[in-house]
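Next comes structure_1.txt, a file with compact mmCIF, C-alpha atoms.
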```txt
# COMPACT_ATOMS: atom_id res chain seq x y z
CA MET A 1 0.00 0.00 0.00
CA GLY A 2 2.92 2.35 0.56
CA THR A 3 3.62 5.44 2.63
CA LEU A 4 2.32 8.95 1.98
CA LEU A 5 4.36 12.11 2.47
CA PHE A 6 2.46 15.35 2.92
CA SER A 7 4.33 18.66 2.71
CA HIS A 8 4.12 22.04 0.99
CA PRO A 9 6.54 24.86 0.07
CA ASP A 10 4.30 27.29 1.97
CA CYS A 11 5.64 25.75 5.18
CA LEU A 12 8.96 27.47 4.38
CA LEU A 13 7.23 30.85 4.57
CA HIS A 14 6.93 30.66 8.34
CA ARG A 15 9.98 32.76 9.17
CA GLU A 16 11.46 33.24 12.63
CA PRO A 17 13.89 35.95 13.77
CA PRO A 18 17.58 35.18 13.09
CA GLY A 19 18.99 32.67 15.53
CA HIS A 20 15.62 31.14 16.40
CA PRO A 21 15.89 27.32 16.50
CA GLU A 22 12.62 26.67 14.63
CA GLN A 23 13.92 27.76 11.23
CA ALA A 24 12.83 26.92 7.68
CA ALA A 25 16.17 25.12 7.33
CA ARG A 26 14.67 22.31 9.41
CA LEU A 27 12.19 21.46 6.69
CA LEU A 28 14.83 21.76 3.99
CA ALA A 29 16.95 19.24 5.91
CA VAL A 30 13.98 16.86 6.14
CA ASP A 31 13.21 17.26 2.44
CA LYS A 32 16.82 16.45 1.53
CA ALA A 33 16.88 13.44 3.84
CA LEU A 34 13.77 12.00 2.21
CA ALA A 35 14.63 12.89 -1.39
CA GLY A 36 15.52 9.34 -2.41
CA PHE A 37 12.66 7.61 -0.64
CA ASP A 38 9.91 5.87 -2.61
CA LEU A 39 7.03 7.86 -1.12
CA ASP A 40 3.64 8.88 -2.48
CA ARG A 41 4.19 12.65 -2.27
CA ARG A 42 1.18 14.92 -1.89
CA GLU A 43 0.70 18.62 -1.20
CA ALA A 44 -0.63 19.44 2.23
CA PRO A 45 -3.88 21.39 1.73
CA VAL A 46 -4.88 24.48 3.68
CA ALA A 47 -6.99 23.30 6.58
CA ALA A 48 -10.68 23.97 6.55
CA ARG A 49 -11.67 26.51 9.18
CA ALA A 50 -14.08 23.95 10.64
CA ASP A 51 -11.20 21.58 11.33
CA VAL A 52 -9.21 24.19 13.27
CA LEU A 53 -12.36 24.93 15.26
CA ARG A 54 -12.59 21.29 16.36
CA CYS A 55 -9.99 22.20 19.00
CA HIS A 56 -9.57 25.99 19.06
CA PRO A 57 -12.31 28.60 19.63
CA GLU A 58 -13.24 31.08 16.92
CA ALA A 59 -12.02 33.98 19.06
CA TYR A 60 -8.52 32.48 19.24
CA LEU A 61 -8.32 31.79 15.50
CA ALA A 62 -9.49 35.35 14.79
CA ARG A 63 -6.88 36.72 17.20
CA VAL A 64 -4.09 34.86 15.38
CA GLU A 65 -5.41 36.08 12.02
CA ARG A 66 -5.43 39.69 13.21
CA ALA A 67 -1.89 39.40 14.57
CA VAL A 68 -0.27 38.38 11.26
CA PRO A 69 2.06 41.27 10.29
CA GLN A 70 2.48 42.80 6.86
CA ALA A 71 6.24 42.60 7.31
CA GLY A 72 8.69 41.54 9.98
CA TRP A 73 7.40 39.66 13.01
CA ALA A 74 4.62 39.73 15.55
CA GLN A 75 5.47 38.08 18.87
CA LEU A 76 2.76 35.94 20.48
CA ASP A 77 4.77 34.72 23.45
CA GLY A 78 8.39 34.56 24.55
CA ASP A 79 9.46 32.29 21.70
CA THR A 80 6.49 32.12 19.29
CA TYR A 81 6.39 34.51 16.36
CA LEU A 82 4.25 35.27 13.34
CA ALA A 83 5.66 36.35 9.98
CA PRO A 84 3.53 37.27 6.94
CA GLY A 85 3.50 33.63 5.77
CA SER A 86 3.10 31.96 9.17
CA LEU A 87 -0.67 31.55 9.22
CA THR A 88 -0.71 29.87 5.81
CA ALA A 89 2.12 27.57 6.88
CA ALA A 90 0.32 26.61 10.09
CA LEU A 91 -2.91 25.93 8.20
CA ARG A 92 -0.96 23.70 5.79
CA ALA A 93 0.41 21.78 8.80
CA VAL A 94 -3.12 21.22 10.11
CA GLY A 95 -4.44 20.46 6.64
CA GLY A 96 -1.65 17.98 5.97
CA ALA A 97 -2.36 16.09 9.18
CA CYS A 98 -6.09 15.97 8.41
CA ALA A 99 -5.52 14.92 4.79
CA ALA A 100 -3.17 12.17 5.96
CA VAL A 101 -5.85 10.88 8.33
CA ASP A 102 -8.41 10.94 5.52
CA ALA A 103 -6.12 9.03 3.14
CA VAL A 104 -5.00 6.38 5.62
CA ILE A 105 -8.55 5.74 6.85
CA ALA A 106 -9.68 5.48 3.21
CA GLY A 107 -7.04 2.79 2.61
CA GLU A 108 -5.03 4.85 0.11
CA ALA A 109 -1.83 3.99 2.00
CA ALA A 110 -0.80 2.02 5.05
CA ASN A 111 0.65 5.03 6.82
CA ALA A 112 1.74 8.65 6.33
CA PHE A 113 4.30 11.21 7.43
CA VAL A 114 3.46 14.92 7.50
CA ALA A 115 6.57 17.05 6.96
CA CYS A 116 5.20 20.49 7.75
CA ARG A 117 5.96 23.35 10.10
CA PRO A 118 5.37 25.12 12.44
CA PRO A 119 4.98 22.31 14.97
CA GLY A 120 1.78 22.06 16.99
CA HIS A 121 1.94 20.06 20.20
CA HIS A 122 2.45 23.04 22.54
CA ALA A 123 -0.53 25.06 21.26
CA GLU A 124 -3.21 25.06 23.93
CA THR A 125 -6.92 25.77 23.44
CA ALA A 126 -6.53 29.55 23.23
CA THR A 127 -2.76 30.01 23.67
CA ALA A 128 0.09 29.96 21.16
CA MET A 129 3.33 28.85 22.77
CA GLY A 130 6.52 26.88 22.28
CA PHE A 131 6.81 27.73 18.53
CA CYS A 132 3.25 26.36 17.99
CA LEU A 133 0.06 28.04 16.71
CA PHE A 134 -2.46 25.22 16.25
CA GLY A 135 -2.60 21.69 17.66
CA SER A 136 -2.26 19.88 14.35
CA VAL A 137 -2.18 16.32 15.66
CA ALA A 138 -4.97 16.87 18.20
CA ILE A 139 -7.10 18.40 15.43
CA ALA A 140 -6.38 15.40 13.20
CA ALA A 141 -7.40 13.09 16.03
CA LYS A 142 -10.68 14.94 16.43
CA ARG A 143 -11.28 14.71 12.67
CA ALA A 144 -10.78 10.95 12.82
CA LEU A 145 -13.29 10.71 15.66
CA ASP A 146 -15.93 13.22 14.61
CA HIS A 147 -15.73 13.22 10.79
CA HIS A 148 -14.84 9.58 10.19
CA GLY A 149 -16.72 8.15 13.15
CA LEU A 150 -13.86 6.25 14.75
CA SER A 151 -14.47 5.17 18.33
CA ARG A 152 -10.92 5.29 19.68
CA VAL A 153 -7.64 6.86 18.57
CA ALA A 154 -4.22 6.94 20.20
CA VAL A 155 -1.92 9.97 20.09
CA LEU A 156 1.72 9.12 20.89
CA ASP A 157 4.21 11.95 21.43
CA PHE A 158 7.96 11.26 21.69
CA ASP A 159 9.16 14.86 21.33
CA VAL A 160 11.64 15.73 24.08
CA HIS A 161 9.25 18.40 25.39
CA HIS A 162 5.91 17.50 26.94
CA GLY A 163 2.97 17.84 24.56
CA ASN A 164 1.09 20.18 26.88
CA GLY A 165 -1.03 21.56 24.06
CA THR A 166 -2.20 18.16 22.87
CA GLN A 167 -2.91 17.22 26.47
CA ASP A 168 -4.97 20.38 26.95
CA LEU A 169 -6.90 19.96 23.70
CA LEU A 170 -7.74 16.30 24.39
CA TRP A 171 -8.06 16.44 28.20
CA GLU A 172 -11.82 15.81 28.15
CA GLU A 173 -11.78 13.49 25.11
CA GLY A 174 -12.24 9.97 26.41
CA ARG A 175 -12.07 8.54 22.89
CA ALA A 176 -8.44 9.66 22.54
CA MET A 177 -5.63 8.09 24.56
CA PHE A 178 -2.62 10.40 24.82
CA VAL A 179 0.87 9.19 25.73
CA SER A 180 3.86 11.53 25.99
CA SER A 181 7.47 10.79 26.86
CA HIS A 182 9.57 13.86 27.63
CA GLN A 183 12.55 15.12 29.56
CA MET A 184 11.72 16.41 33.02
CA PRO A 185 12.55 18.96 34.27
CA LEU A 186 12.33 20.90 31.01
CA TYR A 187 10.06 23.34 29.19
CA PRO A 188 7.06 23.66 29.46
CA GLY A 189 7.12 22.21 32.97
CA SER A 190 4.03 20.02 32.63
CA GLY A 191 3.76 16.26 32.06
CA ALA A 192 3.97 14.74 35.51
CA ALA A 193 2.88 11.12 35.78
CA THR A 194 -0.05 12.30 37.93
CA GLU A 195 -1.58 14.17 34.97
CA ARG A 196 -4.04 11.53 33.71
CA GLY A 197 -6.78 13.32 31.75
CA ALA A 198 -10.41 13.80 32.70
CA GLN A 199 -11.18 10.13 32.08
CA GLY A 200 -7.83 8.61 33.00
CA GLN A 201 -6.96 8.27 29.33
CA MET A 202 -3.58 10.01 29.44
CA LEU A 203 -0.18 8.57 30.27
CA ASN A 204 2.83 10.80 30.88
CA LEU A 205 6.31 9.29 30.89
CA PRO A 206 8.80 11.80 32.35
CA LEU A 207 12.45 10.87 31.70
CA ARG A 208 15.54 12.10 33.50
CA PRO A 209 18.12 14.22 31.64
CA GLY A 210 20.83 12.03 30.15
CA SER A 211 18.84 8.82 30.68
CA GLY A 212 19.32 7.71 27.06
CA GLY A 213 17.63 5.10 24.92
CA ALA A 214 17.54 2.38 27.56
CA ALA A 215 15.25 4.42 29.80
CA MET A 216 13.08 5.33 26.82
CA ARG A 217 12.63 1.68 25.85
CA ALA A 218 11.86 0.70 29.43
CA ALA A 219 9.14 3.37 29.59
CA TRP A 220 7.57 2.91 26.16
CA GLY A 221 7.38 -0.90 26.24
CA PRO A 222 4.78 -1.06 29.05
CA ALA A 223 3.10 2.11 27.79
CA LEU A 224 2.45 0.59 24.38
CA ALA A 225 0.95 -2.46 26.08
CA GLN A 226 -1.52 -0.11 27.78
CA VAL A 227 -2.27 1.53 24.43
CA ALA A 228 -2.92 -1.90 22.92
CA ALA A 229 -5.46 -2.57 25.68
CA PHE A 230 -7.23 0.66 24.65
CA ARG A 231 -7.67 -0.87 21.14
CA PRO A 232 -7.20 2.26 19.00
CA GLU A 233 -8.54 2.25 15.47
CA LEU A 234 -5.86 4.71 14.35
CA VAL A 235 -2.49 5.72 15.79
CA LEU A 236 -1.28 9.30 15.44
CA VAL A 237 2.28 10.29 16.29
CA SER A 238 3.76 13.63 17.31
CA ALA A 239 7.22 12.89 15.96
CA GLY A 240 9.73 15.21 17.58
CA PHE A 241 13.41 14.36 17.12
CA ASP A 242 14.89 16.73 19.72
CA ALA A 243 15.61 13.88 22.15
CA HIS A 244 18.67 13.14 20.00
CA GLU A 245 21.96 13.52 21.86
CA ASP A 246 23.11 16.33 19.53
CA ASP A 247 20.02 18.50 19.95
CA PRO A 248 20.81 21.90 21.49
CA LEU A 249 17.53 22.34 23.39
CA ALA A 250 17.52 19.25 25.62
CA GLY A 251 19.54 16.34 26.91
CA LEU A 252 17.90 12.92 26.73
CA ALA A 253 20.80 11.54 24.65
CA TRP A 254 18.85 9.29 22.27
CA GLN A 255 20.51 7.84 19.18
CA VAL A 256 19.09 7.50 15.67
CA GLU A 257 18.48 3.80 16.28
CA ASP A 258 16.34 4.67 19.32
CA PHE A 259 13.95 6.53 17.03
CA ARG A 260 13.92 3.56 14.67
CA TRP A 261 13.21 1.17 17.56
CA LEU A 262 10.34 3.30 18.83
CA THR A 263 8.88 3.68 15.33
CA ALA A 264 8.99 -0.10 14.88
CA ALA A 265 7.33 -0.62 18.26
CA ILE A 266 4.57 1.84 17.35
CA CYS A 267 4.06 0.07 14.02
CA ASP A 268 3.88 -3.28 15.82
CA LEU A 269 1.16 -1.80 18.02
CA ALA A 270 -0.74 -0.50 15.01
CA ASP A 271 -0.38 -3.82 13.19
CA GLY A 272 -2.05 -5.55 16.11
CA CYS A 273 -4.80 -2.99 16.72
CA CYS A 274 -5.77 -1.17 13.55
CA GLY A 275 -4.33 -2.77 10.44
CA GLY A 276 -1.10 -0.78 10.66
CA ARG A 277 -2.79 2.62 10.31
CA VAL A 278 -0.29 5.26 11.48
CA VAL A 279 -0.22 8.99 10.77
CA SER A 280 2.95 10.72 11.97
CA ALA A 281 3.59 14.48 11.97
CA LEU A 282 6.83 16.39 12.46
CA GLU A 283 7.23 18.27 15.72
CA GLY A 284 10.65 19.30 17.09
CA GLY A 285 14.28 18.58 16.25
CA TYR A 286 16.78 21.44 16.04
CA ASP A 287 20.19 19.98 15.15
CA LEU A 288 19.90 19.69 11.38
CA PRO A 289 22.10 16.60 10.78
CA ALA A 290 20.52 14.78 13.73
CA LEU A 291 17.04 15.76 12.56
CA ALA A 292 17.71 14.57 9.02
CA ALA A 293 19.15 11.22 10.12
CA SER A 294 16.40 10.59 12.66
CA VAL A 295 13.57 11.46 10.27
CA ALA A 296 15.14 9.20 7.65
CA ALA A 297 15.16 6.29 10.10
CA HIS A 298 11.58 7.00 11.17
CA VAL A 299 10.23 7.20 7.63
CA ASP A 300 12.31 4.23 6.46
CA GLU A 301 10.59 2.14 9.13
CA LEU A 302 7.17 3.44 8.07
CA LEU A 303 8.02 2.53 4.48
CA ARG A 304 9.18 -0.93 5.46
CA ARG A 305 5.87 -1.57 7.23
CA GLY A 306 3.80 0.01 4.46
CA ARG A 307 5.00 -2.29 1.69
```
What's the structure tokens form of this structure?
Amino acid sequence: MGTLLFSHPDCLLHREPPGHPEQAARLLAVDKALAGFDLDRREAPVAARADVLRCHPEAYLARVERAVPQAGWAQLDGDTYLAPGSLTAALRAVGGACAAVDAVIAGEAANAFVACRPPGHHAETATAMGFCLFGSVAIAAKRALDHHGLSRVAVLDFDVHHGNGTQDLLWEEGRAMFVSSHQMPLYPGSGAATERGAQGQMLNLPLRPGSGGAAMRAAWGPALAQVAAFRPELVLVSAGFDAHEDDPLAGLAWQVEDFRWLTAAICDLADGCCGGRVVSALEGGYDLPALAASVAAHVDELLRRGR
């Protein structure tokens, strides 16, 4: 069936001030890393307004729209900026995630990777933060549930930072199980194991700085068994690669093969629960060579499973 790749040149138009880690060069590095891969490449569409509103209120969307500058930057929080092309880029990221869900549920491919930016997993219901404007993966999960009528989805987040936005957006959603591994202590400061969701459907896996791949595997093995017991009909992944040992923003010290191992374990889960249906979307990763190598391993594993 193959693997889909959703991206769009508009995602390069989200520009950050010089020196900001979430630069367009990240996406160029991903594009180069995947250039030789046998992927079904599709353009990420602009998200329908109704999809954004599945998770964010109209007043928040309107506030972001009004804040887009004609030139230069508008600052939404300490490290989240808008440039003239940022809103379009963010809507492509949401639209790509939703289109990937549509295609995988329709059986057009076994799985999909969404190579878009800005990332989304820190965006809370009415708050832009942590480089993120809209909760792309949470919105895609809600589309799977509400538009496609799925009963249960799993959202798995292995970015080095806690997915506080996804947790906020899905806190009351008992049909969505959310699992996040993340370095603690670290930005944004949330993600304690005691944070379980309104219906006990959330599982946070805080990891100590420098704990490496062994601690990750020890945490995710039992966690994926709990996800399997939830019996998701679709698995969505917030794929951040900033846990790599070379990343400048954190210190979990993962290797490229740790990302491959975790991708394979997630695919094993999906094979057993939902016919291998996985939709993965790019989140963090700020050392360009490490990002490129880790994404290549992640997508190579998706391809291997999608054949």
Exercise. May I have the residues at most 12 Å from (8.1, 13.3, 22.3) in the file's coordinates, counting only C-alpha atoms, as a ChimeraX atom specification?
Key: /A:121-122,155-164,166,178-184,191,204-207,216,220,237-244,250,252,254,259,262-263,280-285
Per residue of segment 114-167 of chain A within 9 Å of segment 7-16 of chain A, what are the shortest atom pair and its distance in Å to one decimal, counting only C-alpha atoms, with rows by chain and residue number, as CSV?
```
residue,atom,partner,partner_atom,distance
A:Val114,CA,A:Ser7,CA,6.1
A:Ala115,CA,A:Ser7,CA,5.1
A:Cys116,CA,A:Ser7,CA,5.4
A:Arg117,CA,A:Cys11,CA,5.5
A:Pro118,CA,A:His14,CA,7.1
```
Practice problem: Within 12 Å of (18.4, 11.8, 1.7) (coordinates as in the file), grab all the protein and nucleic acid residues, counting only C-alpha atoms, and write them out as a list in words. | Solution: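 Using only C-alpha atoms, the matching residues come out as Leu28, Ala29, Val30, Asp31, Lys32, Ala33, Leu34, Ala35, Gly36, Phe37, Asp38, Pro289, Leu291, Ala292, Ala293, Ser294, Val295, Ala296, Ala297, Val299 and Asp300 of chain A.
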Self-check item: Residue among A:Arg49, A:Tyr286, A:Arg307, A:Leu39 lying closest to Ala25 of chain A, counting all atoms listed in the file
Solution: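 Looking at the shortest contact to Ala25 of chain A, the residue is A:Tyr286.
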Self-check item: Which of A:Met1, A:Ala110, A:Ala265, A:Val278 sits closest to Ala140 of chain A [using all atoms listed in the file]
Solution: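 Checking each of A:Met1, A:Ala110, A:Ala265, A:Val278 against Ala140 of chain A, counting all atoms listed in the file, the winner is A:Val278.
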Practice problem: Could you check which of A:Ala215, A:Leu186, A:Ala47, A:Cys273 is closest to Ala253 of chain A, using all atoms listed in the file? | Solution: A:Ala215
Quiz prompt | Interatomic distance (Å, one decimal) between atom CA of Ala24 of chain A and atom CA of Ser86 of chain A | solution =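 Interatomic distance here is 11.1 Å.
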Quiz item: Separation of atom CA of Leu170 of chain A and atom CA of Gln23 of chain A, in Å?
Solution: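 For atom CA of Leu170 of chain A relative to atom CA of Gln23 of chain A, the distance reads 27.8 Å.
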Quiz item: Of the candidates A:Leu269, A:Leu145, A:Val68, A:Val256, which one gets nearest to Gln226 of chain A if we count only C-alpha atoms?
Solution: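 Using only C-alpha atoms, the shortest distance to Gln226 of chain A belongs to A:Leu269.
Distances from A:Cys55, A:Gly251, A:Ala100, A:Glu22 to Glu172 of chain A were compared using all atoms listed in the file, and the smallest one belongs to A:Cys55.
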Quiz item: What is the distance between atom CA of Ile139 of chain A and atom CA of Leu5 of chain A, in Å to one decimal?
Solution: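 Taking atom CA of Ile139 of chain A and atom CA of Leu5 of chain A, their separation equals 18.4 Å.
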Practice problem: Check the smallest atom-to-atom distance from each of A:Ala141, A:Leu303, A:Ala123, A:Ala97 to Val64 of chain A using all atoms listed in the file, then report the winner. | Solution: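 The answer is A:Ala123, which sits nearest to Val64 of chain A.
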Adding 3 Å on each side of the box along x, y and z that holds all listed atoms of segment 228-242 of chain A, could you give its centre and edge lengths in Å to one decimal, as lines of an AutoDock Vina configuration file?
```
center_x = 3.2
center_y = 7.1
center_z = 20.0
size_x = 29.4
size_y = 25.3
size_z = 17.3
```
Quiz prompt | Contacts of Leu4 of chain A within 6 Å, all atoms listed in the file, excl. fewer than 5 positions in-chain, as a PyMOL selection string | solution = chain A and resi 39-41+112
